[in-house]
>>> print(open('final-v4.cif').read())   # mmCIF, C-alpha atoms
data_model
loop_
_atom_site.group_PDB
_atom_site.id
_atom_site.type_symbol
_atom_site.label_atom_id
_atom_site.label_comp_id
_atom_site.auth_asym_id
_atom_site.auth_seq_id
_atom_site.Cartn_x
_atom_site.Cartn_y
_atom_site.Cartn_z
ATOM 1 C CA MET M 1 0.000 0.000 0.000
ATOM 2 C CA LYS M 2 1.404 3.394 -0.994
ATOM 3 C CA THR M 3 1.909 6.021 1.644
ATOM 4 C CA ILE M 4 0.340 9.485 1.324
ATOM 5 C CA ARG M 5 3.762 10.934 0.439
ATOM 6 C CA GLU M 6 4.266 8.375 -2.367
ATOM 7 C CA LYS M 7 0.784 9.169 -3.705
ATOM 8 C CA LYS M 8 1.594 12.891 -3.690
ATOM 9 C CA HIS M 9 4.830 12.320 -5.580
ATOM 10 C CA LEU M 10 3.119 10.006 -8.067
ATOM 11 C CA ARG M 11 0.422 12.619 -8.778
ATOM 12 C CA LEU M 12 3.021 15.383 -9.095
ATOM 13 C CA GLY M 13 5.061 13.273 -11.512
ATOM 14 C CA VAL M 14 2.046 12.422 -13.653
ATOM 15 C CA LEU M 15 0.970 16.079 -13.840
ATOM 16 C CA CYS M 16 4.497 17.136 -14.843
ATOM 17 C CA VAL M 17 4.723 14.422 -17.502
ATOM 18 C CA PHE M 18 1.370 15.442 -19.003
ATOM 19 C CA ILE M 19 2.520 19.066 -19.295
ATOM 20 C CA LEU M 20 5.970 18.154 -20.633
ATOM 21 C CA LEU M 21 4.462 15.839 -23.264
ATOM 22 C CA ALA M 22 2.098 18.618 -24.326
ATOM 23 C CA ALA M 23 5.054 20.998 -24.695
ATOM 24 C CA LEU M 24 7.059 18.435 -26.660
ATOM 25 C CA SER M 25 4.080 17.825 -28.961
ATOM 26 C CA ARG M 26 5.045 21.153 -30.564
ATOM 27 C CA MET M 27 7.699 19.160 -32.438
ATOM 28 C CA ILE M 28 5.036 17.207 -34.304
ATOM 29 C CA PRO M 29 4.204 18.929 -37.605
ATOM 30 C CA HIS M 30 1.178 21.160 -37.061
ATOM 31 C CA PRO M 31 -0.497 24.275 -38.478
ATOM 32 C CA SER M 32 0.893 27.621 -37.290
ATOM 33 C CA ASN M 33 -0.253 28.505 -33.768
ATOM 34 C CA PHE M 34 -1.997 25.158 -33.250
ATOM 35 C CA ALA M 35 -0.188 24.608 -29.967
ATOM 36 C CA PRO M 36 -0.801 23.576 -26.339
ATOM 37 C CA ILE M 37 0.266 26.907 -24.808
ATOM 38 C CA GLY M 38 -3.029 27.923 -23.216
ATOM 39 C CA ALA M 39 -3.980 24.351 -22.345
ATOM 40 C CA MET M 40 -0.754 23.717 -20.422
ATOM 41 C CA SER M 41 -1.288 26.802 -18.267
ATOM 42 C CA LEU M 42 -4.939 25.998 -17.592
ATOM 43 C CA PHE M 43 -4.107 22.373 -16.807
ATOM 44 C CA GLY M 44 -1.473 23.446 -14.281
ATOM 45 C CA ALA M 45 -3.869 25.929 -12.691
ATOM 46 C CA ALA M 46 -6.601 23.324 -12.350
ATOM 47 C CA TYR M 47 -4.581 20.458 -10.894
ATOM 48 C CA PHE M 48 -1.613 21.850 -8.941
ATOM 49 C CA SER M 49 -2.729 23.076 -5.547
ATOM 50 C CA ARG M 50 0.614 24.842 -5.115
ATOM 51 C CA LYS M 51 0.297 27.927 -7.270
ATOM 52 C CA TYR M 52 4.027 28.281 -7.917
ATOM 53 C CA LEU M 53 4.051 24.807 -9.522
ATOM 54 C CA ALA M 54 1.071 25.733 -11.701
ATOM 55 C CA ILE M 55 3.131 28.616 -13.080
ATOM 56 C CA LEU M 56 6.604 27.098 -13.043
ATOM 57 C CA VAL M 57 5.999 23.642 -14.574
ATOM 58 C CA PRO M 58 4.344 24.875 -17.812
ATOM 59 C CA ILE M 59 6.954 27.619 -18.279
ATOM 60 C CA LEU M 60 9.863 25.219 -17.725
ATOM 61 C CA SER M 61 8.272 22.644 -20.029
ATOM 62 C CA MET M 62 7.772 25.253 -22.717
ATOM 63 C CA TRP M 63 11.348 26.490 -22.291
ATOM 64 C CA LEU M 64 12.716 22.935 -22.644
ATOM 65 C CA SER M 65 10.689 22.398 -25.800
ATOM 66 C CA ASP M 66 11.890 25.808 -27.077
ATOM 67 C CA LEU M 67 15.485 24.689 -26.557
ATOM 68 C CA VAL M 68 14.916 21.577 -28.656
ATOM 69 C CA ILE M 69 12.892 23.342 -31.344
ATOM 70 C CA ASN M 70 15.159 26.379 -31.706
ATOM 71 C CA ASN M 71 18.468 24.505 -31.561
ATOM 72 C CA LEU M 72 17.696 21.219 -33.301
ATOM 73 C CA LEU M 73 14.704 21.705 -35.573
ATOM 74 C CA TYR M 74 15.433 25.341 -36.492
ATOM 75 C CA GLY M 75 19.119 25.442 -35.590
ATOM 76 C CA ALA M 76 20.119 26.366 -39.145
ATOM 77 C CA TYR M 77 18.351 29.720 -38.718
ATOM 78 C CA PHE M 78 20.502 30.784 -35.756
ATOM 79 C CA ASP M 79 24.213 31.604 -35.569
ATOM 80 C CA GLN M 80 24.633 30.204 -32.061
ATOM 81 C CA PHE M 81 22.880 28.159 -29.385
ATOM 82 C CA VAL M 82 19.597 29.858 -28.464
ATOM 83 C CA TRP M 83 18.712 29.873 -24.774
ATOM 84 C CA PHE M 84 15.874 32.386 -25.189
ATOM 85 C CA TYR M 85 14.355 33.609 -28.442
ATOM 86 C CA ASP M 86 13.244 37.154 -29.177
ATOM 87 C CA GLY M 87 9.762 37.626 -27.841
ATOM 88 C CA CYS M 88 9.789 34.720 -25.392
ATOM 89 C CA VAL M 89 9.094 37.128 -22.533
ATOM 90 C CA TRP M 90 5.711 37.866 -24.109
ATOM 91 C CA THR M 91 4.892 34.172 -24.562
ATOM 92 C CA TYR M 92 5.945 33.291 -21.027
ATOM 93 C CA SER M 93 4.059 36.301 -19.632
ATOM 94 C CA SER M 94 0.939 35.009 -21.331
ATOM 95 C CA PHE M 95 1.497 31.689 -19.505
ATOM 96 C CA VAL M 96 1.365 33.466 -16.171
ATOM 97 C CA LEU M 97 -1.781 35.437 -16.997
ATOM 98 C CA ILE M 98 -3.520 32.376 -18.458
ATOM 99 C CA THR M 99 -2.654 30.458 -15.285
ATOM 100 C CA PHE M 100 -4.340 33.169 -13.219
ATOM 101 C CA VAL M 101 -7.419 32.825 -15.445
ATOM 102 C CA GLY M 102 -7.334 29.117 -14.637
ATOM 103 C CA PHE M 103 -7.063 29.814 -10.892
ATOM 104 C CA VAL M 104 -10.272 31.844 -11.104
ATOM 105 C CA LEU M 105 -12.309 29.843 -13.622
ATOM 106 C CA LEU M 106 -11.218 26.263 -12.944
ATOM 107 C CA LYS M 107 -11.787 25.822 -9.226
ATOM 108 C CA THR M 108 -13.874 22.872 -10.362
ATOM 109 C CA VAL M 109 -13.253 21.192 -13.701
ATOM 110 C CA ARG M 110 -16.443 21.327 -15.745
ATOM 111 C CA VAL M 111 -16.918 21.282 -19.523
ATOM 112 C CA LYS M 112 -18.467 24.759 -19.550
ATOM 113 C CA SER M 113 -15.640 26.311 -17.515
ATOM 114 C CA LEU M 114 -13.042 24.501 -19.650
ATOM 115 C CA ILE M 115 -14.498 25.880 -22.874
ATOM 116 C CA PHE M 116 -14.748 29.416 -21.487
ATOM 117 C CA SER M 117 -11.260 29.368 -19.971
ATOM 118 C CA SER M 118 -9.839 27.955 -23.223
ATOM 119 C CA LEU M 119 -11.402 30.842 -25.155
ATOM 120 C CA MET M 120 -10.015 33.319 -22.613
ATOM 121 C CA ALA M 121 -6.566 31.727 -22.923
ATOM 122 C CA SER M 122 -6.636 32.109 -26.708
ATOM 123 C CA VAL M 123 -7.685 35.750 -26.500
ATOM 124 C CA LEU M 124 -5.035 36.548 -23.880
ATOM 125 C CA PHE M 125 -2.303 34.874 -25.891
ATOM 126 C CA PHE M 126 -3.385 36.713 -29.041
ATOM 127 C CA LEU M 127 -3.444 40.083 -27.278
ATOM 128 C CA ILE M 128 -0.147 39.634 -25.433
ATOM 129 C CA SER M 129 1.893 38.020 -28.213
ATOM 130 C CA ASN M 130 0.805 40.521 -30.844
ATOM 131 C CA PHE M 131 1.372 43.418 -28.470
ATOM 132 C CA GLY M 132 4.870 42.015 -27.959
ATOM 133 C CA VAL M 133 5.518 41.950 -31.694
ATOM 134 C CA TRP M 134 4.333 45.563 -32.010
ATOM 135 C CA PHE M 135 6.248 46.767 -28.952
ATOM 136 C CA SER M 136 9.572 45.022 -29.485
ATOM 137 C CA THR M 137 10.049 45.119 -33.269
ATOM 138 C CA THR M 138 10.096 47.757 -35.978
ATOM 139 C CA MET M 139 7.621 45.904 -38.206
ATOM 140 C CA TYR M 140 4.839 48.341 -37.287
ATOM 141 C CA THR M 141 4.708 52.045 -36.543
ATOM 142 C CA ALA M 142 4.989 52.931 -32.853
ATOM 143 C CA ASP M 143 1.480 54.361 -32.596
ATOM 144 C CA PHE M 144 -2.082 53.123 -32.217
ATOM 145 C CA SER M 145 -2.494 52.524 -35.962
ATOM 146 C CA GLY M 146 0.654 50.360 -35.897
ATOM 147 C CA LEU M 147 -0.705 48.371 -32.964
ATOM 148 C CA LEU M 148 -4.028 47.938 -34.744
ATOM 149 C CA ALA M 149 -2.227 46.827 -37.924
ATOM 150 C CA CYS M 150 -0.284 44.264 -35.875
ATOM 151 C CA TYR M 151 -3.489 42.813 -34.418
ATOM 152 C CA VAL M 152 -5.133 42.707 -37.854
ATOM 153 C CA ALA M 153 -2.076 40.892 -39.272
ATOM 154 C CA GLY M 154 -2.346 38.343 -36.450
ATOM 155 C CA LEU M 155 -6.015 37.526 -37.065
ATOM 156 C CA PRO M 156 -5.373 34.694 -39.584
ATOM 157 C CA PHE M 157 -3.375 32.871 -36.888
ATOM 158 C CA PHE M 158 -6.010 33.376 -34.189
ATOM 159 C CA LYS M 159 -8.292 30.633 -35.534
ATOM 160 C CA ASN M 160 -5.539 28.031 -35.072
ATOM 161 C CA THR M 161 -4.813 29.370 -31.581
ATOM 162 C CA LEU M 162 -8.483 28.831 -30.678
ATOM 163 C CA LEU M 163 -8.533 25.356 -32.232
ATOM 164 C CA GLY M 164 -5.212 24.367 -30.659
ATOM 165 C CA ASP M 165 -6.253 25.504 -27.193
ATOM 166 C CA ILE M 166 -9.606 23.725 -27.311
ATOM 167 C CA PHE M 167 -8.012 20.552 -28.723
ATOM 168 C CA TYR M 168 -5.239 20.423 -26.123
ATOM 169 C CA VAL M 169 -7.584 21.375 -23.277
ATOM 170 C CA GLY M 170 -9.768 18.426 -24.278
ATOM 171 C CA LEU M 171 -6.778 16.126 -24.642
ATOM 172 C CA LEU M 172 -5.001 17.083 -21.405
ATOM 173 C CA PHE M 173 -8.034 17.346 -19.157
ATOM 174 C CA GLY M 174 -9.799 14.360 -20.703
ATOM 175 C CA SER M 175 -6.701 12.175 -20.436
ATOM 176 C CA PHE M 176 -6.026 13.155 -16.848
ATOM 177 C CA GLU M 177 -9.647 12.685 -15.773
ATOM 178 C CA PHE M 178 -9.558 9.239 -17.390
ATOM 179 C CA ALA M 179 -6.257 8.480 -15.625
ATOM 180 C CA LYS M 180 -7.811 9.535 -12.299
ATOM 181 C CA TYR M 181 -10.760 7.236 -12.950
ATOM 182 C CA ARG M 182 -8.504 4.351 -13.989
ATOM 183 C CA PHE M 183 -5.916 4.906 -11.225
ATOM 184 C CA PRO M 184 -7.615 6.167 -8.055
ATOM 185 C CA LEU M 185 -4.186 6.959 -6.545
ATOM 186 C CA LEU M 186 -4.273 10.142 -8.637
ATOM 187 C CA GLN M 187 -7.460 11.405 -6.962
ATOM 188 C CA THR M 188 -7.008 14.648 -5.041
ATOM 189 C CA LYS M 189 -8.948 13.455 -2.006
ATOM 190 C CA SER M 190 -6.051 11.217 -1.039
ATOM 191 C CA VAL M 191 -3.230 13.533 -2.194
ATOM 192 C CA ARG M 192 -3.879 17.137 -1.333
ATOM 193 C CA SER M 193 -0.577 18.992 -1.052
ATOM 194 C CA TYR M 194 0.669 19.183 -4.662
#
>>> encode(input="final-v4.cif", output="structure tokens")
Amino acid sequence: MKTIREKKHLRLGVLCVFILLAALSRMIPHPSNFAPIGAMSLFGAAYFSRKYLAILVPILSMWLSDLVINNLLYGAYFDQFVWFYDGCVWTYSSFVLITFVGFVLLKTVRVKSLIFSSLMASVLFFLISNFGVWFSTTMYTADFSGLLACYVAGLPFFKNTLLGDIFYVGLLFGSFEFAKYRFPLLQTKSVRSY
């Protein structure tokens, strides 16, 4: 029989693996912006009771997948090893804000709250990432019309962000709920502290 501490560590490990696998799934060929970014943050917010883990695990997982993607898959585009890419601060900031949305909207995991929080995650990512492009590059004029032009240019990618978030929310949450049903050790009633 597993002790409470072993159950806590098992649950923590499973949650981390789910998020890391989602991040690594970015290496599978996919349409632009069809990614697990919002889903990873919402998943962490819903299942980690320690808020710092809900923020830290998705960001670290994303960073690890960025290292692989930028240095192996797209290494030919860079002159040197890339630890952080231009604009990553905007992406990682969106993780934090999306996690806070999850803290508020996902106190209980329900289909309705998952759909709404997924939509909110997509909108937040769109707003933050495009603001980052406008703010930190010279692609657009540094005025309101430039910001508006940046958002308009990002609209074709927004559909895939919405679809990616809803797909990965369904995949992550559905898989973990099934795992909890199949393996009762993962239930929160018996393992509260992670």
>>> atom_distance(input="final-v4.cif", atom1="atom CA of M:Ser32", atom2="atom CA of M:Phe178")
29.0 Å
>>> resolve_selection(input="final-v4.cif", expression="the PyMOL selection byres ((chain M and resi 53-59) around 9)", output="PDB file with C-alpha atoms, in the frame of the given file")
ATOM      1  CA  CYS M  16       4.497  17.136 -14.843  1.00  0.00           C
ATOM      2  CA  ILE M  19       2.520  19.066 -19.295  1.00  0.00           C
ATOM      3  CA  LEU M  20       5.970  18.154 -20.633  1.00  0.00           C
ATOM      4  CA  ALA M  23       5.054  20.998 -24.695  1.00  0.00           C
ATOM      5  CA  ILE M  37       0.266  26.907 -24.808  1.00  0.00           C
ATOM      6  CA  MET M  40      -0.754  23.717 -20.422  1.00  0.00           C
ATOM      7  CA  SER M  41      -1.288  26.802 -18.267  1.00  0.00           C
ATOM      8  CA  LEU M  42      -4.939  25.998 -17.592  1.00  0.00           C
ATOM      9  CA  PHE M  43      -4.107  22.373 -16.807  1.00  0.00           C
ATOM     10  CA  GLY M  44      -1.473  23.446 -14.281  1.00  0.00           C
ATOM     11  CA  ALA M  45      -3.869  25.929 -12.691  1.00  0.00           C
ATOM     12  CA  ALA M  46      -6.601  23.324 -12.350  1.00  0.00           C
ATOM     13  CA  TYR M  47      -4.581  20.458 -10.894  1.00  0.00           C
ATOM     14  CA  PHE M  48      -1.613  21.850  -8.941  1.00  0.00           C
ATOM     15  CA  SER M  49      -2.729  23.076  -5.547  1.00  0.00           C
ATOM     16  CA  ARG M  50       0.614  24.842  -5.115  1.00  0.00           C
ATOM     17  CA  LYS M  51       0.297  27.927  -7.270  1.00  0.00           C
ATOM     18  CA  TYR M  52       4.027  28.281  -7.917  1.00  0.00           C
ATOM     19  CA  LEU M  60       9.863  25.219 -17.725  1.00  0.00           C
ATOM     20  CA  SER M  61       8.272  22.644 -20.029  1.00  0.00           C
ATOM     21  CA  MET M  62       7.772  25.253 -22.717  1.00  0.00           C
ATOM     22  CA  TRP M  63      11.348  26.490 -22.291  1.00  0.00           C
ATOM     23  CA  LEU M  64      12.716  22.935 -22.644  1.00  0.00           C
ATOM     24  CA  TYR M  92       5.945  33.291 -21.027  1.00  0.00           C
ATOM     25  CA  PHE M  95       1.497  31.689 -19.505  1.00  0.00           C
ATOM     26  CA  VAL M  96       1.365  33.466 -16.171  1.00  0.00           C
ATOM     27  CA  THR M  99      -2.654  30.458 -15.285  1.00  0.00           C
ATOM     28  CA  PHE M 100      -4.340  33.169 -13.219  1.00  0.00           C
ATOM     29  CA  TYR M 194       0.669  19.183  -4.662  1.00  0.00           C
TER      30      TYR M 194
END
>>> closest_residue(input="final-v4.cif", among="M:Thr108, M:Asn33, M:Thr91, M:Ser25", to="M:Leu127", atoms="all atoms listed in the file")
M:Thr91
>>> closest_atom_pairs(input="final-v4.cif", of="stretch 72-145 of chain M", to="stretch 151-171 of chain M", cutoff="8 Å", atoms="only C-alpha atoms", output="tab-separated table")
residue	atom	partner	partner_atom	distance
M:Leu114	CA	M:Val169	CA	7.3
M:Ile115	CA	M:Ile166	CA	6.9
M:Ser118	CA	M:Asp165	CA	5.9
M:Leu119	CA	M:Leu162	CA	6.6
M:Ala121	CA	M:Asp165	CA	7.6
M:Ser122	CA	M:Leu162	CA	5.5
M:Phe126	CA	M:Phe158	CA	6.7
M:Leu127	CA	M:Tyr151	CA	7.6
M:Asn130	CA	M:Tyr151	CA	6.0
M:Phe131	CA	M:Tyr151	CA	7.7
>>> axis_aligned_box(input="final-v4.cif", around="stretch 154-171 of chain M", padding_each_side="4 Å", output="lines of an AutoDock Vina configuration file")
center_x = -6.1
center_y = 27.2
center_z = -31.4
size_x = 15.4
size_y = 30.2
size_z = 24.3
>>> closest_residue(input="final-v4.cif", among="M:Phe84, M:Trp90, M:Tyr74, M:Phe173", to="M:Ala22", atoms="all atoms listed in the file")
M:Phe173
>>> resolve_selection(input="final-v4.cif", expression="the PyMOL selection byres ((chain M and resi 11) around 9)", output="list in words")
Glu6, Lys7, Lys8, His9, Leu10, Leu12, Gly13, Val14, Leu15, Cys16, Leu185, Leu186, Gln187, Thr188, Val191 and Tyr194 of chain M
>>> residues_around(input="final-v4.cif", residues="M:Tyr85", least_positions_apart="6", cutoff="10 Å", atoms="all atoms listed in the file", output="ChimeraX atom specification")
/M:63,66-67,70,78
>>> atom_distance(input="final-v4.cif", atom1="atom CA of M:Gly102", atom2="atom CA of M:Cys88")
21.0 Å
